[in-house]
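Trainee: Okay, so here is query_30.cif, and as you'll see once you scroll down, it has mmCIF, C-alpha atoms.
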```cif
data_query
loop_
_atom_site.label_atom_id
_atom_site.label_comp_id
_atom_site.auth_asym_id
_atom_site.auth_seq_id
_atom_site.Cartn_x
_atom_site.Cartn_y
_atom_site.Cartn_z
CA MET A 196 148.44 -56.83 24.45
CA GLU A 197 145.14 -55.00 24.91
CA PRO A 198 142.44 -57.32 26.33
CA VAL A 199 139.40 -58.11 24.20
CA GLN A 200 136.65 -55.56 24.83
CA TYR A 201 133.35 -57.14 25.79
CA SER A 202 130.37 -56.76 23.49
CA TYR A 203 126.83 -56.02 24.61
CA GLU A 204 125.90 -59.66 23.97
CA ASP A 205 128.66 -60.73 26.38
CA PHE A 206 126.96 -58.74 29.15
CA ALA A 207 123.60 -60.34 28.37
CA ARG A 208 124.94 -63.89 28.53
CA LEU A 209 124.78 -64.25 32.34
CA PRO A 210 121.16 -63.13 32.93
CA THR A 211 119.99 -65.06 29.87
CA THR A 212 121.74 -68.26 30.96
CA VAL A 213 120.34 -68.07 34.50
CA PHE A 214 116.77 -67.97 33.19
CA TRP A 215 117.46 -70.84 30.82
CA ILE A 216 117.86 -73.01 33.95
CA MET A 217 114.09 -72.90 34.38
CA GLY A 218 113.35 -72.99 30.66
CA TYR A 219 112.49 -69.30 30.29
CA ASP A 220 113.95 -67.59 27.22
CA MET A 221 113.90 -63.87 27.99
CA LEU A 222 115.26 -62.54 24.69
CA GLY A 223 113.65 -65.06 22.34
CA VAL A 224 116.92 -66.49 21.02
CA PRO A 225 116.28 -68.49 17.80
CA LYS A 226 116.18 -72.24 18.42
CA THR A 227 115.33 -75.39 16.51
CA ARG A 228 111.74 -76.64 16.73
CA SER A 229 112.72 -79.61 18.90
CA ARG A 230 114.57 -77.37 21.36
CA ARG A 231 111.59 -75.01 21.55
CA ILE A 232 109.31 -77.94 22.37
CA LEU A 233 111.69 -79.23 25.05
CA TYR A 234 111.97 -75.76 26.58
CA TRP A 235 108.19 -75.40 26.57
CA ILE A 236 107.68 -78.80 28.25
CA TYR A 237 110.28 -78.07 30.91
CA ARG A 238 108.84 -74.58 31.49
CA PHE A 239 105.37 -76.12 31.89
CA LEU A 240 106.66 -78.74 34.38
CA CYS A 241 108.33 -76.06 36.52
CA LEU A 242 105.19 -73.92 36.61
CA ALA A 243 102.87 -76.90 37.19
CA SER A 244 105.04 -78.24 40.02
CA HIS A 245 105.17 -74.79 41.57
CA GLY A 246 101.39 -74.53 41.40
CA VAL A 247 100.90 -77.98 42.95
CA CYS A 248 103.35 -77.30 45.79
CA VAL A 249 101.83 -73.91 46.60
CA GLY A 250 98.35 -75.46 46.55
CA VAL A 251 99.37 -78.27 48.94
CA MET A 252 101.10 -75.76 51.22
CA VAL A 253 97.98 -73.59 51.42
CA PHE A 254 95.89 -76.71 52.13
CA ARG A 255 98.17 -77.69 55.04
CA MET A 256 97.99 -74.18 56.46
CA VAL A 257 94.18 -74.11 56.26
CA GLU A 258 93.96 -77.65 57.64
CA ALA A 259 96.38 -76.69 60.46
CA LYS A 260 96.65 -80.27 61.75
CA THR A 261 100.28 -80.91 60.88
CA ILE A 262 101.70 -77.52 61.99
CA ASP A 263 102.15 -78.32 65.65
CA ASN A 264 105.41 -76.71 66.81
CA VAL A 265 107.33 -73.44 66.66
CA SER A 266 109.94 -74.83 64.27
CA LEU A 267 107.28 -75.76 61.71
CA ILE A 268 105.55 -72.40 62.10
CA MET A 269 108.82 -70.63 61.25
CA ARG A 270 109.41 -73.07 58.39
CA TYR A 271 106.03 -72.26 56.89
CA ALA A 272 106.59 -68.54 57.45
CA THR A 273 109.86 -68.84 55.51
CA LEU A 274 108.17 -70.70 52.67
CA VAL A 275 105.28 -68.23 52.40
CA THR A 276 107.55 -65.16 52.31
CA TYR A 277 109.96 -66.75 49.85
CA ILE A 278 107.12 -67.79 47.53
CA ILE A 279 105.67 -64.26 47.59
CA ASN A 280 109.14 -62.84 46.93
CA SER A 281 109.85 -65.19 44.02
CA ASP A 282 106.41 -64.93 42.43
CA THR A 283 106.58 -61.13 42.62
CA LYS A 284 109.87 -61.18 40.72
CA PHE A 285 108.59 -63.75 38.24
CA ALA A 286 105.56 -61.55 37.53
CA THR A 287 108.01 -58.70 36.87
CA VAL A 288 110.06 -60.63 34.29
CA LEU A 289 106.88 -61.70 32.51
CA GLN A 290 106.94 -58.17 31.05
CA ARG A 291 109.11 -59.66 28.35
CA SER A 292 108.22 -57.20 25.59
CA ALA A 293 109.10 -54.22 27.83
CA ILE A 294 112.37 -55.88 28.88
CA GLN A 295 113.25 -56.71 25.27
CA SER A 296 112.47 -53.11 24.26
CA LEU A 297 114.76 -51.69 26.98
CA ASN A 298 117.42 -54.22 26.02
CA SER A 299 117.26 -53.12 22.37
CA LYS A 300 117.58 -49.43 23.32
CA LEU A 301 120.62 -50.10 25.46
CA ALA A 302 122.15 -52.30 22.73
CA GLU A 303 121.87 -49.39 20.26
CA LEU A 304 123.56 -47.05 22.74
CA TYR A 305 126.39 -49.45 23.57
CA PRO A 306 129.85 -48.44 22.18
CA LYS A 307 130.35 -50.09 18.80
CA THR A 308 134.04 -49.67 18.03
CA THR A 309 136.95 -51.09 20.02
CA LEU A 310 138.36 -47.61 20.69
CA ASP A 311 134.99 -46.39 21.93
CA ARG A 312 134.69 -49.40 24.21
CA ILE A 313 138.16 -48.78 25.58
CA TYR A 314 137.25 -45.13 26.20
CA HIS A 315 134.06 -46.13 28.07
CA ARG A 316 136.05 -48.82 29.95
CA VAL A 317 133.38 -51.42 29.31
CA ASN A 318 135.54 -54.21 30.71
CA ASP A 319 135.53 -52.48 34.11
CA HIS A 320 131.73 -52.79 34.14
CA TYR A 321 131.63 -56.45 33.15
CA TRP A 322 130.43 -59.10 35.60
CA THR A 323 133.19 -59.69 38.14
CA LYS A 324 134.25 -63.18 39.15
CA SER A 325 133.07 -62.50 42.70
CA PHE A 326 129.60 -61.67 41.42
CA VAL A 327 129.45 -64.82 39.28
CA TYR A 328 130.60 -66.85 42.30
CA LEU A 329 127.86 -65.22 44.39
CA VAL A 330 125.23 -66.31 41.86
CA ILE A 331 126.65 -69.85 41.81
CA ILE A 332 126.76 -70.01 45.62
CA TYR A 333 123.19 -68.70 45.86
CA ILE A 334 121.89 -71.31 43.43
CA GLY A 335 124.12 -73.97 44.99
CA SER A 336 122.96 -73.26 48.55
CA SER A 337 119.34 -73.38 47.35
CA ILE A 338 120.03 -76.76 45.71
CA MET A 339 121.56 -78.00 48.96
CA VAL A 340 118.39 -77.01 50.83
CA VAL A 341 116.46 -79.36 48.53
CA ILE A 342 118.92 -82.26 48.30
CA GLY A 343 120.11 -81.97 51.91
CA PRO A 344 117.34 -84.23 53.26
CA ILE A 345 118.10 -87.06 50.82
CA ILE A 346 121.81 -86.75 51.63
CA THR A 347 120.89 -87.07 55.32
CA SER A 348 118.77 -90.13 54.50
CA ILE A 349 121.67 -91.73 52.59
CA ILE A 350 124.05 -91.04 55.49
CA ALA A 351 121.53 -92.62 57.88
CA TYR A 352 121.33 -95.68 55.62
CA PHE A 353 125.10 -96.23 55.67
CA THR A 354 125.49 -95.49 59.38
CA HIS A 355 122.32 -97.06 60.82
CA ASN A 356 121.07 -99.25 57.94
CA VAL A 357 117.83 -97.25 57.81
CA PHE A 358 116.81 -95.01 54.91
CA THR A 359 114.72 -92.26 56.55
CA TYR A 360 112.98 -90.98 53.36
CA MET A 361 113.43 -87.34 54.35
CA HIS A 362 112.49 -84.62 51.87
CA CYS A 363 112.59 -80.84 51.76
CA TYR A 364 109.15 -79.35 52.26
CA PRO A 365 106.98 -80.19 55.29
CA TYR A 366 103.63 -79.97 53.51
CA PHE A 367 104.18 -83.30 51.70
CA LEU A 368 103.49 -86.21 54.05
CA TYR A 369 105.17 -89.51 53.22
CA ASP A 370 104.93 -92.72 55.24
CA PRO A 371 107.47 -95.34 53.98
CA GLU A 372 105.50 -98.12 55.70
CA LYS A 373 102.31 -97.35 53.78
CA ASP A 374 103.30 -95.43 50.65
CA PRO A 375 105.25 -96.91 47.68
CA VAL A 376 108.70 -95.59 46.79
CA TRP A 377 107.50 -94.01 43.54
CA ILE A 378 105.44 -91.50 45.56
CA TYR A 379 108.62 -90.46 47.38
CA ILE A 380 110.39 -90.04 44.02
CA GLY A 381 107.43 -88.03 42.71
CA ILE A 382 107.48 -85.78 45.78
CA TYR A 383 111.18 -85.10 45.31
CA ALA A 384 110.71 -84.32 41.60
CA LEU A 385 107.93 -81.86 42.45
CA GLU A 386 110.07 -80.23 45.14
CA TRP A 387 113.05 -79.93 42.79
CA LEU A 388 111.07 -78.26 39.99
CA HIS A 389 109.19 -76.07 42.47
CA SER A 390 112.47 -74.94 44.02
CA THR A 391 113.98 -74.29 40.57
CA GLN A 392 111.06 -72.03 39.68
CA MET A 393 111.39 -70.01 42.90
CA VAL A 394 115.19 -69.75 43.10
CA ILE A 395 115.76 -68.77 39.46
CA SER A 396 112.88 -66.28 39.51
CA ASN A 397 114.37 -64.74 42.63
CA ILE A 398 117.99 -64.35 41.59
CA GLY A 399 117.32 -64.03 37.83
CA ALA A 400 115.09 -60.97 38.11
CA ASP A 401 117.70 -59.15 40.19
CA ILE A 402 120.45 -60.02 37.69
CA TRP A 403 118.39 -58.47 34.88
CA LEU A 404 117.82 -55.38 37.02
CA LEU A 405 121.56 -55.07 37.76
CA TYR A 406 122.41 -55.76 34.11
CA PHE A 407 120.33 -52.79 32.92
CA GLN A 408 121.50 -50.54 35.75
CA VAL A 409 125.16 -51.30 35.02
CA GLN A 410 124.63 -50.31 31.37
CA ILE A 411 123.04 -46.99 32.32
CA ASN A 412 125.81 -46.29 34.84
CA LEU A 413 128.40 -47.03 32.14
CA HIS A 414 127.02 -44.25 29.96
CA PHE A 415 126.79 -41.72 32.80
CA ARG A 416 130.49 -42.35 33.47
CA GLY A 417 131.11 -41.84 29.76
CA ILE A 418 129.42 -38.42 29.89
CA ILE A 419 131.49 -37.39 32.92
CA ARG A 420 134.72 -38.52 31.25
CA SER A 421 133.86 -36.78 27.97
CA LEU A 422 133.24 -33.47 29.73
CA ALA A 423 136.51 -33.78 31.64
CA ASP A 424 138.51 -34.48 28.46
CA HIS A 425 136.93 -31.92 26.11
CA LYS A 426 138.41 -28.43 25.85
CA PRO A 427 136.09 -26.08 23.92
CA SER A 428 137.19 -22.93 22.10
CA VAL A 429 135.51 -20.29 19.98
CA LYS A 430 137.97 -21.27 17.23
CA HIS A 431 136.12 -24.56 16.68
CA ASP A 432 132.72 -23.55 18.02
CA GLN A 433 130.73 -25.58 15.46
CA GLU A 434 132.36 -28.86 16.48
CA ASP A 435 132.06 -27.96 20.16
CA ARG A 436 128.34 -27.32 19.88
CA LYS A 437 127.82 -30.64 18.09
CA PHE A 438 129.73 -32.37 20.86
CA ILE A 439 127.78 -30.75 23.70
CA ALA A 440 124.44 -31.22 21.89
CA LYS A 441 125.17 -34.97 21.79
CA ILE A 442 125.87 -34.90 25.53
CA VAL A 443 122.56 -33.12 26.18
CA ASP A 444 120.67 -35.64 24.04
CA LYS A 445 122.42 -38.57 25.72
CA GLN A 446 121.59 -37.22 29.18
CA VAL A 447 117.91 -36.97 28.23
CA HIS A 448 118.02 -40.46 26.71
CA LEU A 449 119.58 -41.96 29.85
CA VAL A 450 116.89 -40.39 32.02
CA SER A 451 114.28 -41.94 29.72
CA LEU A 452 115.99 -45.36 29.94
CA GLN A 453 116.10 -45.14 33.74
CA ASN A 454 112.38 -44.33 33.75
CA ASP A 455 111.80 -47.40 31.57
CA LEU A 456 113.81 -49.48 34.05
CA ASN A 457 111.81 -48.13 36.99
CA GLY A 458 108.61 -48.78 35.08
CA ILE A 459 109.51 -52.46 34.69
CA PHE A 460 111.06 -53.24 38.08
CA GLY A 461 109.93 -50.38 40.32
CA LYS A 462 106.39 -51.61 40.90
CA SER A 463 107.59 -54.86 42.46
CA LEU A 464 110.85 -53.61 43.95
CA LEU A 465 109.37 -52.44 47.24
CA LEU A 466 107.52 -55.72 47.82
CA SER A 467 110.65 -57.65 46.77
CA LEU A 468 112.81 -55.83 49.30
CA LEU A 469 110.28 -56.30 52.10
CA THR A 470 109.76 -60.00 51.40
CA THR A 471 113.52 -60.58 51.05
CA ALA A 472 113.97 -58.99 54.48
CA ALA A 473 111.16 -61.21 55.81
CA VAL A 474 112.84 -64.31 54.33
CA ILE A 475 116.13 -63.34 55.99
CA CYS A 476 114.35 -62.91 59.34
CA THR A 477 112.39 -66.17 59.25
CA VAL A 478 115.31 -68.22 57.90
CA ALA A 479 117.63 -66.78 60.57
CA VAL A 480 115.18 -67.64 63.37
CA TYR A 481 114.51 -71.12 61.95
CA THR A 482 118.26 -71.77 61.68
CA LEU A 483 118.82 -70.68 65.29
CA ILE A 484 116.02 -73.00 66.44
CA GLN A 485 117.33 -75.97 64.44
CA GLY A 486 120.90 -75.65 65.69
CA PRO A 487 124.10 -76.94 64.01
CA THR A 488 122.78 -79.29 61.30
CA LEU A 489 123.47 -79.73 57.57
CA GLU A 490 120.22 -77.90 56.86
CA GLY A 491 121.23 -75.10 59.24
CA PHE A 492 124.62 -74.76 57.54
CA THR A 493 123.08 -74.45 54.06
CA TYR A 494 120.61 -71.87 55.40
CA VAL A 495 123.45 -69.78 56.84
CA ILE A 496 125.05 -69.65 53.36
CA PHE A 497 121.64 -68.86 51.86
CA ILE A 498 121.14 -65.94 54.30
CA GLY A 499 124.59 -64.55 53.41
CA THR A 500 123.92 -64.63 49.66
CA SER A 501 120.43 -63.13 50.15
CA VAL A 502 121.90 -60.22 52.09
CA MET A 503 124.46 -59.68 49.32
CA GLN A 504 121.66 -59.81 46.76
CA VAL A 505 119.84 -56.93 48.49
CA TYR A 506 123.12 -55.05 48.98
CA LEU A 507 124.00 -55.19 45.27
CA VAL A 508 120.60 -53.82 44.20
CA CYS A 509 120.99 -50.95 46.68
CA TYR A 510 124.66 -50.43 45.74
CA TYR A 511 123.94 -49.98 42.04
CA GLY A 512 120.94 -47.81 42.91
CA GLN A 513 123.36 -45.61 44.90
CA GLN A 514 125.73 -45.54 41.94
CA VAL A 515 123.22 -44.14 39.45
CA LEU A 516 122.13 -41.58 42.07
CA ASP A 517 125.72 -40.43 42.56
CA LEU A 518 126.72 -40.51 38.90
CA SER A 519 123.73 -38.50 37.71
CA GLY A 520 124.65 -35.86 40.29
CA GLU A 521 128.33 -35.94 39.31
CA VAL A 522 127.37 -34.80 35.80
CA ALA A 523 126.72 -31.32 37.24
CA HIS A 524 130.10 -31.37 39.01
CA ALA A 525 131.76 -32.40 35.76
CA VAL A 526 130.24 -29.32 34.09
CA TYR A 527 131.40 -27.04 36.93
CA ASN A 528 134.94 -28.42 36.62
CA HIS A 529 134.79 -28.32 32.82
CA ASP A 530 137.28 -25.97 31.14
CA PHE A 531 134.66 -23.84 29.36
CA HIS A 532 136.26 -20.39 29.70
CA ASP A 533 137.19 -20.13 26.00
CA ALA A 534 133.86 -21.52 24.81
CA SER A 535 131.17 -19.53 23.01
CA ILE A 536 127.99 -18.25 24.68
CA ALA A 537 125.93 -20.85 22.82
CA TYR A 538 128.14 -23.62 24.18
CA LYS A 539 127.77 -22.29 27.73
CA ARG A 540 123.99 -22.30 27.35
CA TYR A 541 124.14 -26.01 26.58
CA LEU A 542 126.19 -26.49 29.74
CA LEU A 543 123.52 -24.67 31.71
CA ILE A 544 120.88 -27.07 30.34
CA ILE A 545 122.97 -30.04 31.52
CA ILE A 546 123.39 -28.50 35.01
CA ILE A 547 119.67 -27.79 35.36
CA ARG A 548 118.75 -31.33 34.36
CA ALA A 549 121.40 -32.80 36.66
CA GLN A 550 119.71 -31.08 39.61
CA GLN A 551 117.02 -33.74 39.34
CA PRO A 552 118.95 -36.88 40.33
CA VAL A 553 118.32 -39.99 38.29
CA GLU A 554 117.46 -42.84 40.65
CA LEU A 555 116.38 -46.42 40.88
CA ASN A 556 113.12 -46.21 42.78
CA ALA A 557 110.36 -48.43 44.05
CA MET A 558 106.82 -47.48 43.03
CA GLY A 559 107.96 -43.97 42.16
CA TYR A 560 108.72 -42.69 45.64
CA LEU A 561 111.24 -44.88 47.52
CA SER A 562 114.78 -44.24 46.29
CA ILE A 563 116.91 -47.40 46.35
CA SER A 564 120.32 -46.60 47.82
CA LEU A 565 122.78 -47.78 50.47
CA ASP A 566 120.67 -45.95 53.07
CA THR A 567 117.80 -48.23 52.06
CA PHE A 568 120.02 -51.26 52.69
CA LYS A 569 121.09 -49.97 56.12
CA GLN A 570 117.49 -49.35 57.15
CA LEU A 571 116.38 -52.76 55.85
CA MET A 572 119.13 -54.60 57.73
CA SER A 573 118.46 -52.60 60.89
CA VAL A 574 114.77 -53.47 60.82
CA SER A 575 115.58 -57.14 60.04
CA TYR A 576 117.91 -57.37 63.04
CA ARG A 577 115.26 -55.93 65.34
CA VAL A 578 112.63 -58.33 64.02
CA ILE A 579 114.96 -61.34 64.46
CA THR A 580 115.69 -60.26 68.05
CA MET A 581 111.99 -59.77 68.79
CA LEU A 582 111.03 -63.18 67.34
CA MET A 583 113.74 -64.97 69.33
CA GLN A 584 112.58 -63.30 72.52
CA MET A 585 108.97 -64.31 71.82
CA ILE A 586 109.97 -67.93 71.14
CA GLN A 587 112.17 -68.21 74.22
#
```
If you convert what's in this file into structure tokens, what do you get?
Mentor:
Amino acid sequence: MEPVQYSYEDFARLPTTVFWIMGYDMLGVPKTRSRRILYWIYRFLCLASHGVCVGVMVFRMVEAKTIDNVSLIMRYATLVTYIINSDTKFATVLQRSAIQSLNSKLAELYPKTTLDRIYHRVNDHYWTKSFVYLVIIYIGSSIMVVIGPIITSIIAYFTHNVFTYMHCYPYFLYDPEKDPVWIYIGIYALEWLHSTQMVISNIGADIWLLYFQVQINLHFRGIIRSLADHKPSVKHDQEDRKFIAKIVDKQVHLVSLQNDLNGIFGKSLLLSLLTTAAVICTVAVYTLIQGPTLEGFTYVIFIGTSVMQVYLVCYYGQQVLDLSGEVAHAVYNHDFHDASIAYKRYLLIIIIRAQQPVELNAMGYLSISLDTFKQLMSVSYRVITMLMQMIQ
């Protein structure tokens, strides 16, 4: 039996659900009044907690009294770079009207009938289980970074009869001998909401970027397949010209959609890549300094998922670069010998346009591809090595 072909709404479910975790409704899905109020309150608490935590962190850095060792310096460096990275991505997804507009355009272009979806092989482009697991592991490892300290405190209580009142972020100072327990609970609530805001902004923005890029790639593959399957002839020139005119229009439309995508995400993409690389470097050094601990183990998982996050953005950027170029090859290999002159002119238009590769780019000049990933990882490795040498 033929498997059910995924709809456009099925594709949108993952990125939408991820943002719901921090109370942000990207597509404005209709809700009851009570649910809207609850979402708004939760969204406000996440943002307010994030603002408070960032403010306290900046105060500690300016005060500079509690940052007295290399480990803390690296911890603060990690926090600063991760906050910049997450806030940059959150600022990007605040362009909700532009994102909704691009989403509507892609929804209109998506294959409507089951046969059309089978032809475009939409199921092959759907979120793989490995990708979903990566998202879960990323969010899970981030949760472990926050709840790891309280788990350590609980273990200490059962093994040494002493609850150590550990918490995640070093800029909150808590003295169990002087401060009441409710302050500790309040600190942990702030840290949890603050972490939720950062983690979901970070991974959620990239999922939306990949979601749109996958849709554009799907249609480029459809163009290539259509050209390979179609056999024109002067005997049915009218139908042939209608077919090829649709291909020309679709190619132009896809270029426009890619420009829209670059307009939304491109401005922050360069800074996102640089700060992600900085996070990987500082977390790696901090983990090496800390040694084999529960915190170190969760950070190792976090580094792995962060590297995969960057890789996937670069991988799909490479895909659209390759596919847009393959359109020209599809025309060259197209069986157009029996076609009319008018049909061949359309093919020439497609070839000329395909000479300008469609690309995912950062700020209009840096093409995002697998070469970008290789360069980023190479620089990160050198920075990690340099920092370790300086510390030792």
Trainee: Between A:Val505, A:Val257, A:Leu242, A:Leu304, which is the closest to Leu413 of chain A once you count all atoms listed in the file?
Mentor: A:Leu304
Trainee: Name the residues in contact with Gln453 of chain A at a cut-off of 9 Å, using only C-alpha atoms, excluding same-chain residues fewer than 3 positions from it; report them as a PyMOL selection string.
Mentor: chain A and resi 407-408+411+448-450+456-458+553-555
Trainee: Assuming the chain letters and numbering stay as they are in my file, what does the PyMOL selection byres ((chain A and resi 376-386) around 8) actually select? List them as a ChimeraX atom specification.
Mentor: /A:244-245,248,341,360,362-364,367,369,371,374-375,387-390
Trainee: Quick one: distance from atom CA of Ala286 of chain A to atom CA of Tyr271 of chain A in Å, one decimal?
Mentor: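 Here the two named atoms are 22.1 Å from each other.
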Trainee: Residues at most 12 Å from Asp566 of chain A, counting all atoms listed in the file, excluding those fewer than 5 positions away in the same chain, as a list in words?
Mentor: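 My reading of the contact set: Val505, Tyr506, Val508, Cys509, Tyr510, Gly512, Gln513, Leu516, Leu561, Leu571, Met572 and Ser573 of chain A.
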Trainee: Keeping only C-alpha atoms, write the selected residues to a file as a compact mmCIF listing (two decimals), in the coordinates of the input.
Mentor:
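Output below, filename out-v8.txt:
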```
# COMPACT_ATOMS: atom_id res chain seq x y z
CA VAL A 505 119.84 -56.93 48.49
CA TYR A 506 123.12 -55.05 48.98
CA VAL A 508 120.60 -53.82 44.20
CA CYS A 509 120.99 -50.95 46.68
CA TYR A 510 124.66 -50.43 45.74
CA GLY A 512 120.94 -47.81 42.91
CA GLN A 513 123.36 -45.61 44.90
CA LEU A 516 122.13 -41.58 42.07
CA LEU A 561 111.24 -44.88 47.52
CA LEU A 571 116.38 -52.76 55.85
CA MET A 572 119.13 -54.60 57.73
CA SER A 573 118.46 -52.60 60.89
```
Trainee: What's the 9 Å shell around Ser535 of chain A, counting all atoms listed in the file, without same-chain residues fewer than 3 positions away, as a ChimeraX atom specification?
Mentor: /A:427-429,432,435-436,531-532,538-540
Trainee: Would you list the contacts of Ile268 of chain A as a PyMOL selection string, taking every protein, DNA or RNA residue within 12 Å and counting only C-alpha atoms, but skipping same-chain residues closer than 3 positions in sequence?
Mentor: chain A and resi 255-256+259-265+271-275+365-366+477-478+480-481+484+582+586
Trainee: Point out the residue among A:Ala537, A:Leu329, A:Leu542, A:Ile313 with the least atom-to-atom distance to Ile402 of chain A, counting only C-alpha atoms.
Mentor: A:Leu329
